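*Asks:* Contents are TSV, C-alpha atoms; file name entry-v7.tsv:
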```tsv
chain	number	residue	atom	x	y	z
M	1	MET	CA	-2.99	66.96	48.18
M	2	LYS	CA	0.12	68.11	50.07
M	3	LYS	CA	-1.75	67.64	53.34
M	4	LEU	CA	-2.63	64.08	52.32
M	5	ILE	CA	0.98	62.97	51.76
M	6	PRO	CA	2.08	63.19	55.43
M	7	SER	CA	-1.09	61.39	56.42
M	8	LEU	CA	-0.43	58.60	53.91
M	9	LEU	CA	3.18	58.31	55.03
M	10	ALA	CA	2.11	58.14	58.64
M	11	GLY	CA	-0.41	55.45	57.80
M	12	ALA	CA	2.21	53.45	55.90
M	13	ALA	CA	4.62	53.72	58.81
M	14	ALA	CA	1.96	52.56	61.23
M	15	LEU	CA	1.19	49.60	58.97
M	16	ALA	CA	4.90	48.71	58.74
M	17	PHE	CA	5.19	48.74	62.55
M	18	ALA	CA	2.09	46.57	62.76
M	19	VAL	CA	3.42	44.03	60.24
M	20	ALA	CA	6.98	43.87	61.60
M	21	PRO	CA	6.09	42.15	64.88
M	22	VAL	CA	4.04	39.56	62.98
M	23	GLN	CA	6.99	38.79	60.68
M	24	ALA	CA	9.35	38.59	63.62
M	25	GLN	CA	6.94	36.31	65.43
M	26	ALA	CA	6.81	33.98	62.39
M	27	GLN	CA	10.60	33.90	62.14
M	28	ASN	CA	10.96	33.21	65.86
M	29	LYS	CA	8.33	30.48	65.92
M	30	PRO	CA	9.90	27.43	67.60
M	31	ARG	CA	10.61	24.52	65.30
M	32	ASP	CA	8.80	21.22	65.70
M	33	LYS	CA	11.07	18.78	67.51
M	34	VAL	CA	10.99	15.59	65.48
M	35	THR	CA	12.68	12.24	66.08
M	36	LEU	CA	13.53	9.98	63.15
M	37	MET	CA	14.44	6.50	64.37
M	38	LEU	CA	16.39	4.49	61.81
M	39	ASN	CA	16.17	0.78	61.09
M	40	TRP	CA	19.71	0.01	62.22
M	41	TYR	CA	23.11	1.27	63.28
M	42	LEU	CA	24.38	4.00	60.97
M	43	TYR	CA	25.50	2.98	57.52
M	44	SER	CA	25.43	4.29	53.95
M	45	GLU	CA	21.66	4.05	53.44
M	46	HIS	CA	21.10	6.73	56.09
M	47	ALA	CA	23.39	9.40	54.65
M	48	PRO	CA	20.67	11.38	52.79
M	49	PHE	CA	18.95	12.33	56.06
M	50	PHE	CA	22.19	13.84	57.37
M	51	LEU	CA	22.67	15.73	54.11
M	52	GLY	CA	19.13	17.09	54.38
M	53	LYS	CA	19.80	18.22	57.93
M	54	GLU	CA	23.16	19.80	57.04
M	55	ARG	CA	21.72	21.69	54.07
M	56	GLY	CA	18.83	23.02	56.13
M	57	PHE	CA	16.03	21.22	54.27
M	58	TYR	CA	14.36	20.22	57.53
M	59	ALA	CA	14.97	23.61	59.11
M	60	ASP	CA	13.36	25.20	56.02
M	61	GLU	CA	10.22	23.25	56.92
M	62	GLY	CA	10.27	24.33	60.58
M	63	ILE	CA	11.63	20.99	61.79
M	64	ASP	CA	14.32	20.41	64.43
M	65	LEU	CA	15.38	16.89	63.45
M	66	ASP	CA	16.98	14.36	65.79
M	67	ILE	CA	18.23	11.24	63.96
M	68	GLN	CA	18.50	8.15	66.17
M	69	GLU	CA	20.01	4.77	65.40
M	70	GLY	CA	17.77	1.70	65.50
M	71	ARG	CA	18.12	-1.93	66.48
M	72	GLY	CA	16.02	-3.59	63.79
M	73	SER	CA	12.91	-2.64	61.86
M	74	ALA	CA	10.56	-4.44	64.25
M	75	VAL	CA	11.97	-2.51	67.22
M	76	THR	CA	11.63	0.84	65.44
M	77	ALA	CA	8.05	-0.03	64.43
M	78	GLN	CA	7.25	-0.60	68.10
M	79	ALA	CA	8.77	2.78	69.01
M	80	VAL	CA	6.65	4.61	66.43
M	81	ALA	CA	3.53	2.71	67.49
M	82	ALA	CA	4.23	3.77	71.08
M	83	LYS	CA	4.87	7.38	69.94
M	84	SER	CA	8.38	7.41	71.41
M	85	ALA	CA	9.61	8.26	67.88
M	86	THR	CA	7.82	10.63	65.51
M	87	PHE	CA	8.93	8.93	62.31
M	88	GLY	CA	10.57	5.60	61.59
M	89	TYR	CA	12.75	4.61	58.66
M	90	ILE	CA	12.31	0.85	58.36
M	91	ASP	CA	11.57	-2.11	56.14
M	92	VAL	CA	7.98	-1.43	55.07
M	93	THR	CA	6.96	-5.09	54.82
M	94	THR	CA	7.84	-5.46	58.50
M	95	MET	CA	5.48	-2.55	59.22
M	96	ILE	CA	2.75	-4.14	57.07
M	97	LYS	CA	2.87	-7.35	59.07
M	98	ALA	CA	2.61	-5.37	62.31
M	99	ALA	CA	-0.20	-3.15	60.98
M	100	ALA	CA	-2.15	-6.18	59.77
M	101	LYS	CA	-2.17	-7.36	63.38
M	102	GLY	CA	-3.46	-4.03	64.64
M	103	ALA	CA	-0.41	-1.80	65.12
M	104	PRO	CA	-1.46	1.85	64.41
M	105	LEU	CA	1.14	2.37	61.67
M	106	LYS	CA	1.18	3.63	58.09
M	107	CYS	CA	3.89	4.21	55.50
M	108	VAL	CA	4.06	7.69	53.96
M	109	GLY	CA	6.78	7.01	51.39
M	110	VAL	CA	8.90	4.09	50.11
M	111	LEU	CA	12.52	4.92	49.31
M	112	PHE	CA	13.82	1.43	48.48
M	113	GLN	CA	11.49	0.02	45.86
M	114	VAL	CA	13.77	-2.94	45.08
M	115	SER	CA	14.73	-5.18	47.98
M	116	PRO	CA	18.41	-5.14	49.08
M	117	MET	CA	18.00	-8.22	51.29
M	118	SER	CA	20.34	-11.11	50.60
M	119	VAL	CA	22.07	-14.10	52.11
M	120	MET	CA	25.80	-13.90	51.47
M	121	ALA	CA	29.04	-15.83	51.78
M	122	PHE	CA	32.66	-15.42	50.79
M	123	THR	CA	32.99	-16.21	47.10
M	124	GLU	CA	35.59	-18.89	47.89
M	125	LYS	CA	32.82	-21.01	49.47
M	126	ASN	CA	31.19	-21.38	46.05
M	127	ILE	CA	27.66	-20.74	47.35
M	128	ARG	CA	25.94	-19.13	44.39
M	129	THR	CA	22.33	-20.32	44.25
M	130	PRO	CA	19.58	-20.80	46.84
M	131	LYS	CA	19.96	-24.58	46.68
M	132	ASP	CA	23.62	-24.21	47.68
M	133	ILE	CA	22.38	-22.92	51.05
M	134	ILE	CA	21.08	-26.34	52.12
M	135	GLY	CA	23.20	-27.79	54.93
M	136	LYS	CA	24.86	-24.45	55.67
M	137	THR	CA	24.95	-22.37	58.86
M	138	ILE	CA	23.38	-18.90	58.58
M	139	ALA	CA	24.01	-16.01	61.01
M	140	VAL	CA	20.93	-13.86	61.64
M	141	THR	CA	19.83	-11.03	63.93
M	142	PRO	CA	16.45	-11.79	65.52
M	143	GLY	CA	13.93	-8.98	65.08
M	144	ASP	CA	15.50	-7.31	62.08
M	145	SER	CA	13.69	-7.12	58.75
M	146	MET	CA	15.76	-9.84	57.08
M	147	SER	CA	15.10	-12.41	59.79
M	148	GLN	CA	11.38	-11.77	59.36
M	149	MET	CA	11.54	-12.23	55.57
M	150	TRP	CA	13.91	-15.24	55.75
M	151	PRO	CA	11.09	-17.84	56.05
M	152	LEU	CA	9.53	-16.38	52.88
M	153	PHE	CA	12.84	-16.72	51.01
M	154	LEU	CA	13.20	-20.35	52.13
M	155	LYS	CA	9.61	-21.20	51.17
M	156	VAL	CA	9.76	-19.67	47.69
M	157	ASN	CA	12.96	-21.66	47.05
M	158	HIS	CA	11.45	-24.92	48.42
M	159	ILE	CA	13.95	-25.13	51.27
M	160	GLN	CA	12.73	-26.54	54.60
M	161	PRO	CA	13.74	-24.56	57.71
M	162	ASP	CA	15.42	-27.66	59.20
M	163	GLN	CA	17.67	-27.93	56.13
M	164	VAL	CA	19.75	-24.99	57.40
M	165	LYS	CA	21.24	-24.20	60.79
M	166	ILE	CA	20.68	-20.78	62.37
M	167	VAL	CA	22.98	-18.93	64.76
M	168	SER	CA	21.85	-15.64	66.27
M	169	GLY	CA	23.67	-12.46	67.21
M	170	ASP	CA	23.75	-8.69	66.83
M	171	ALA	CA	25.22	-6.90	63.81
M	172	GLN	CA	28.89	-7.30	64.74
M	173	THR	CA	28.49	-10.83	66.09
M	174	LYS	CA	26.89	-11.83	62.80
M	175	LEU	CA	29.85	-10.47	60.82
M	176	ASN	CA	32.37	-12.06	63.18
M	177	ALA	CA	30.66	-15.44	62.85
M	178	VAL	CA	31.28	-15.46	59.09
M	179	ILE	CA	34.77	-13.94	59.33
M	180	ASN	CA	35.80	-16.54	61.93
M	181	ASN	CA	34.16	-19.42	60.02
M	182	GLN	CA	31.59	-20.08	62.76
M	183	ALA	CA	28.89	-19.55	60.12
M	184	ASP	CA	28.96	-20.09	56.37
M	185	MET	CA	26.69	-17.17	55.51
M	186	LEU	CA	24.78	-14.27	56.98
M	187	LEU	CA	21.61	-12.35	56.20
M	188	GLY	CA	22.54	-8.86	55.08
M	189	TYR	CA	21.97	-6.00	52.67
M	190	VAL	CA	23.95	-5.86	49.43
M	191	MET	CA	25.05	-2.29	50.19
M	192	ASP	CA	25.94	-2.89	53.84
M	193	GLN	CA	27.13	-6.22	55.24
M	194	ALA	CA	28.59	-7.44	51.93
M	195	ILE	CA	30.88	-4.42	51.84
M	196	LYS	CA	31.79	-4.72	55.53
M	197	LEU	CA	32.80	-8.34	55.08
M	198	GLN	CA	34.96	-7.50	52.09
M	199	ASP	CA	36.57	-4.53	53.84
M	200	ALA	CA	37.36	-6.56	56.96
M	201	THR	CA	38.97	-9.47	55.13
M	202	GLY	CA	39.89	-8.39	51.61
M	203	LYS	CA	37.92	-11.38	50.32
M	204	PRO	CA	35.22	-11.01	47.67
M	205	VAL	CA	31.64	-11.73	48.75
M	206	THR	CA	28.83	-13.31	46.70
M	207	PRO	CA	25.32	-12.22	47.73
M	208	ILE	CA	22.21	-14.19	46.78
M	209	ARG	CA	19.57	-11.47	46.56
M	210	PHE	CA	16.06	-12.19	47.74
M	211	ALA	CA	14.79	-10.12	44.79
M	212	ASP	CA	16.44	-12.48	42.30
M	213	SER	CA	14.34	-15.34	43.70
M	214	GLY	CA	11.12	-13.49	43.03
M	215	VAL	CA	10.96	-11.97	46.50
M	216	ASN	CA	11.24	-8.46	45.08
M	217	GLN	CA	9.46	-6.55	47.76
M	218	ILE	CA	9.33	-2.92	48.70
M	219	SER	CA	11.90	-2.22	51.37
M	220	SER	CA	12.94	0.85	53.35
M	221	GLY	CA	10.53	3.73	53.80
M	222	ILE	CA	9.12	6.27	56.24
M	223	ILE	CA	6.43	5.18	58.71
M	224	VAL	CA	4.30	7.11	61.18
M	225	ASN	CA	1.73	6.48	63.87
M	226	LYS	CA	-1.69	6.87	62.23
M	227	ASP	CA	-2.68	9.43	64.86
M	228	LEU	CA	-0.09	11.84	63.46
M	229	LEU	CA	-1.81	11.81	60.05
M	230	THR	CA	-4.94	13.32	61.57
M	231	GLU	CA	-3.44	15.32	64.44
M	232	ASN	CA	-0.66	17.03	62.48
M	233	PRO	CA	-0.86	16.25	58.74
M	234	ASP	CA	1.07	19.44	57.91
M	235	LEU	CA	4.09	18.18	59.85
M	236	VAL	CA	4.06	14.94	57.88
M	237	LYS	CA	3.91	16.86	54.59
M	238	ARG	CA	6.78	19.13	55.63
M	239	PHE	CA	8.89	16.20	56.78
M	240	MET	CA	8.33	14.30	53.55
M	241	LEU	CA	9.13	17.35	51.42
M	242	ALA	CA	12.42	17.80	53.26
M	243	SER	CA	13.19	14.06	53.02
M	244	THR	CA	12.40	14.04	49.29
M	245	ARG	CA	14.77	16.96	48.75
M	246	ALA	CA	17.42	15.14	50.81
M	247	ALA	CA	17.14	11.96	48.72
M	248	GLU	CA	17.31	13.98	45.49
M	249	ALA	CA	20.40	15.82	46.72
M	250	ALA	CA	22.05	12.50	47.61
M	251	GLU	CA	21.26	11.13	44.14
M	252	LYS	CA	23.03	14.13	42.60
M	253	ASN	CA	25.96	14.19	45.01
M	254	PRO	CA	26.53	10.96	46.99
M	255	GLU	CA	29.92	12.23	48.17
M	256	ALA	CA	28.31	15.22	49.90
M	257	ALA	CA	25.79	12.95	51.63
M	258	VAL	CA	28.48	10.65	52.99
M	259	ASP	CA	30.56	13.62	54.13
M	260	ALA	CA	27.54	15.10	55.93
M	261	MET	CA	26.97	11.87	57.84
M	262	LEU	CA	30.63	11.51	58.77
M	263	LYS	CA	30.75	15.13	59.90
M	264	ALA	CA	27.79	14.53	62.23
M	265	LYS	CA	28.83	10.98	63.22
M	266	PRO	CA	32.56	10.39	62.59
M	267	LYS	CA	32.33	6.74	63.67
M	268	ALA	CA	29.63	5.90	61.09
M	269	GLY	CA	32.15	4.12	58.87
M	270	VAL	CA	34.92	4.46	56.30
M	271	ARG	CA	34.26	7.10	53.64
M	272	ASP	CA	35.13	4.97	50.60
M	273	THR	CA	33.02	2.07	51.83
M	274	LEU	CA	30.07	4.31	52.70
M	275	LEU	CA	30.23	5.90	49.27
M	276	VAL	CA	30.07	2.54	47.47
M	277	GLY	CA	27.18	1.54	49.71
M	278	LEU	CA	25.25	4.74	49.12
M	279	LYS	CA	25.58	4.43	45.35
M	280	GLN	CA	24.22	0.89	45.60
M	281	SER	CA	21.41	2.22	47.79
M	282	ILE	CA	20.46	4.91	45.29
M	283	ALA	CA	20.14	2.19	42.64
M	284	LEU	CA	17.22	0.79	44.68
M	285	TYR	CA	15.23	4.06	44.78
M	286	HIS	CA	13.14	3.46	41.67
M	287	THR	CA	11.56	0.73	39.60
M	288	LYS	CA	10.89	1.28	35.90
M	289	ASP	CA	7.38	2.40	36.90
M	290	THR	CA	8.72	5.26	39.05
M	291	ALA	CA	11.91	6.11	37.17
M	292	GLN	CA	10.72	9.61	36.22
M	293	GLN	CA	9.19	10.46	39.58
M	294	ARG	CA	10.61	11.94	42.74
M	295	PRO	CA	11.93	9.60	45.48
M	296	PHE	CA	9.49	7.92	47.92
M	297	ARG	CA	6.61	7.85	45.38
M	298	VAL	CA	6.14	4.09	45.06
M	299	ALA	CA	3.88	2.42	42.50
M	300	MET	CA	0.88	0.93	44.30
M	301	LYS	CA	1.20	-2.17	42.08
M	302	ASN	CA	4.56	-2.77	43.75
M	303	VAL	CA	2.87	-2.58	47.16
M	304	ASN	CA	0.11	-4.92	45.99
M	305	ASP	CA	2.67	-7.47	44.73
M	306	SER	CA	4.41	-7.29	48.10
M	307	LEU	CA	1.13	-8.05	49.85
M	308	ASP	CA	0.61	-11.05	47.59
M	309	LEU	CA	4.04	-12.39	48.51
M	310	LEU	CA	3.38	-11.87	52.21
M	311	VAL	CA	0.14	-13.82	51.99
M	312	GLN	CA	1.61	-16.56	49.81
M	313	TYR	CA	4.91	-17.06	51.58
M	314	GLY	CA	5.20	-14.75	54.58
M	315	GLY	CA	2.53	-16.14	56.85
M	316	MET	CA	0.16	-13.18	56.50
M	317	ASP	CA	-3.48	-14.09	57.11
M	318	PRO	CA	-5.43	-13.53	53.86
M	319	ALA	CA	-8.30	-12.19	55.95
M	320	THR	CA	-6.11	-9.30	57.14
M	321	ARG	CA	-4.40	-8.63	53.79
M	322	GLY	CA	-6.42	-5.55	52.92
M	323	LYS	CA	-5.49	-3.18	50.10
M	324	PRO	CA	-2.23	-1.34	49.37
M	325	GLU	CA	-3.90	1.91	50.49
M	326	ASP	CA	-4.46	0.40	53.94
M	327	TYR	CA	-0.71	0.40	54.51
M	328	VAL	CA	0.84	3.01	52.20
M	329	THR	CA	-0.31	6.52	51.32
M	330	LEU	CA	1.17	9.00	48.84
M	331	ASP	CA	-1.04	11.84	50.06
M	332	PHE	CA	1.69	13.48	52.13
M	333	LEU	CA	4.37	13.52	49.43
M	334	PRO	CA	5.25	16.54	47.27
M	335	PRO	CA	4.09	16.44	43.62
M	336	ALA	CA	5.55	13.60	41.56
M	337	ASN	CA	7.46	15.78	39.11
M	338	GLY	CA	7.40	19.31	40.48
M	339	HIS	CA	9.66	20.98	43.00
```
Show this structure as structure tokens.
*Replies:*
Amino acid sequence: MKKLIPSLLAGAAALAFAVAPVQAQAQNKPRDKVTLMLNWYLYSEHAPFFLGKERGFYADEGIDLDIQEGRGSAVTAQAVAAKSATFGYIDVTTMIKAAAKGAPLKCVGVLFQVSPMSVMAFTEKNIRTPKDIIGKTIAVTPGDSMSQMWPLFLKVNHIQPDQVKIVSGDAQTKLNAVINNQADMLLGYVMDQAIKLQDATGKPVTPIRFADSGVNQISSGIIVNKDLLTENPDLVKRFMLASTRAAEAAEKNPEAAVDAMLKAKPKAGVRDTLLVGLKQSIALYHTKDTAQQRPFRVAMKNVNDSLDLLVQYGGMDPATRGKPEDYVTLDFLPPANGH
């Protein structure tokens, strides 16, 4: 027995030396370089991704994340379709319209399940209902998600396109047009442009939400090129787990999320404004159907209703409508309730 002990110890030592290089190799494995292209210039909605990066959620999943600003949902969709961005964070209905026309895109999680889109004016202008828009000048940004949904909003409210005047410009030009009275209103998000207008002027702003007119569509979510779902499904699952954790952390501590974004990008905005905007963003994460589930796990009925609206008002060809599962999948999300 005594003779066996040294032999066993020697064997154990040899096994330890054999395992150690394998462990070291796993730890030293290079992370997947991943680009997330956003829907727009940085604002409050994007803070959770920076919190996830700061807290190491993406690193935990073997991901080296590069977050890039966007210039409209349609532009980001094109980048993902062309594989110049790994993931896109955009308005999902914009992706659906592109995918219905053949773009190789799919959504793997919907974060905003209530639409933040609105047309807004200073409260002093007394524009409070859709009918009050008639005869007014609206500032829009061509190519962004709101400009694409604008015809739907007009149609559902029985407003003819020639009953309003449109002026075009980028994000800042659009704000300046309203501030300088060159436009009566602009298309914006309730948690973004409305706050920027109020901060810049001190004047209260009244938004007319698309959702309140029955255009309550799914909004921001994560999209991928369909090829990625078959070529590297594990990467998609790891990215969505990290993003889910990031959204949950932002729900619990919005202040930390805003601070993480400002630490990474000091020019992203004013802390107090970003915090108000993020809290308004978080309020759009769930419908009553998904209230007890983790972020990104949208109800397929919500997707189906959005398809109906696109066909009825958004110019989508009924022949290309398809099913919710053609455009959105929950297969790459972590379990609905577990961690």
*Asks:* List the neighbours of M:Leu228 out to 10 Å using all atoms listed in the file; skip same-chain residues closer than 5 positions along the sequence, and give me the result as number ranges by chain.
*Replies:* M: 83, 86-87, 105-106, 233-236
*Asks:* Pick from M:Pro324, M:Gly135, M:Gly169, M:Gly269: nearest to M:Val303, with all atoms listed in the file counted?
*Replies:*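 Ranked by minimum distance to M:Val303, first place goes to M:Pro324.
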*Asks:* What separation in Å, quoted to one decimal, exists between atom CA of M:Val108 and atom CA of M:Thr329?
*Replies:*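 Value for the atom CA of M:Val108-atom CA of M:Thr329 distance: 5.2 Å.
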*Asks:* To one decimal in Å, tell me the separation between atom CA of M:Ile90 and atom CA of M:Ile222.
*Replies:*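 The value is 6.6 Å.
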*Asks:* Which is closest to M:Asp272 among M:Lys131, M:Lys196, M:Arg209, M:Lys226, if we use all atoms listed in the file?
*Replies:* M:Lys196
*Asks:* Give the answer as one residue: which of M:Ala247, M:Ala319, M:Ala47, M:Leu309 has the shortest atom-to-atom distance to M:Lys263, using only C-alpha atoms?
*Replies:*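 Ranked by minimum distance to M:Lys263, first place goes to M:Ala47.
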*Asks:* Hey, can you check how far atom CA of M:Leu262 sits from atom CA of M:Ala121?
*Replies:* 28.3 Å
*Asks:* Could you check which of M:Ala171, M:Met191, M:Leu229, M:Val80 is closest to M:Leu278, using only C-alpha atoms?
*Replies:*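 Ranking M:Ala171, M:Met191, M:Leu229, M:Val80 by distance to M:Leu278, first place goes to M:Met191.
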*Asks:* Per residue of stretch 179-258 of chain M within 12 Å of stretch 95-103 of chain M, which atom pair is closest and at what distance in Å (one decimal), using only C-alpha atoms, listed by chain and increasing number, as a tab-separated table?
*Replies:*
```
residue	atom	partner	partner_atom	distance
M:Gln217	CA	M:Ile96	CA	11.7
M:Ile218	CA	M:Ile96	CA	10.7
M:Ser219	CA	M:Met95	CA	10.1
M:Ser220	CA	M:Met95	CA	10.1
M:Gly221	CA	M:Met95	CA	9.7
M:Ile222	CA	M:Met95	CA	10.0
M:Ile223	CA	M:Met95	CA	7.8
M:Val224	CA	M:Met95	CA	9.9
M:Asn225	CA	M:Ala103	CA	8.6
M:Lys226	CA	M:Ala103	CA	9.2
M:Asp227	CA	M:Ala103	CA	11.5
```
*Asks:* Looking at M:Ala283, M:Ala74, M:Ala249, M:Ile127, which one is nearest to M:Leu51, with distances taken over all atoms listed in the file?
*Replies:*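 Between M:Ala283, M:Ala74, M:Ala249, M:Ile127, the residue approaching M:Leu51 most closely is M:Ala249.
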*Asks:* So, with only C-alpha atoms as the atoms that count, which of M:Arg55, M:Arg297, M:His158, M:Arg128 lies closest to M:Thr244?
*Replies:* M:Arg297
*Asks:* Once you count all atoms listed in the file, which residues end up no further than 10 Å from (18.7, 18.4, 55.1) in the file's frame, shown as a list in words?
*Replies:*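 I get Pro48, Phe49, Phe50, Leu51, Gly52, Lys53, Glu54, Arg55, Gly56, Phe57, Tyr58, Ala59, Asp60, Glu61, Leu65, Ala242, Ser243, Thr244, Arg245, Ala246, Ala247, Ala249, Ala257 and Ala260 of chain M for the residues within 10 Å of that point.
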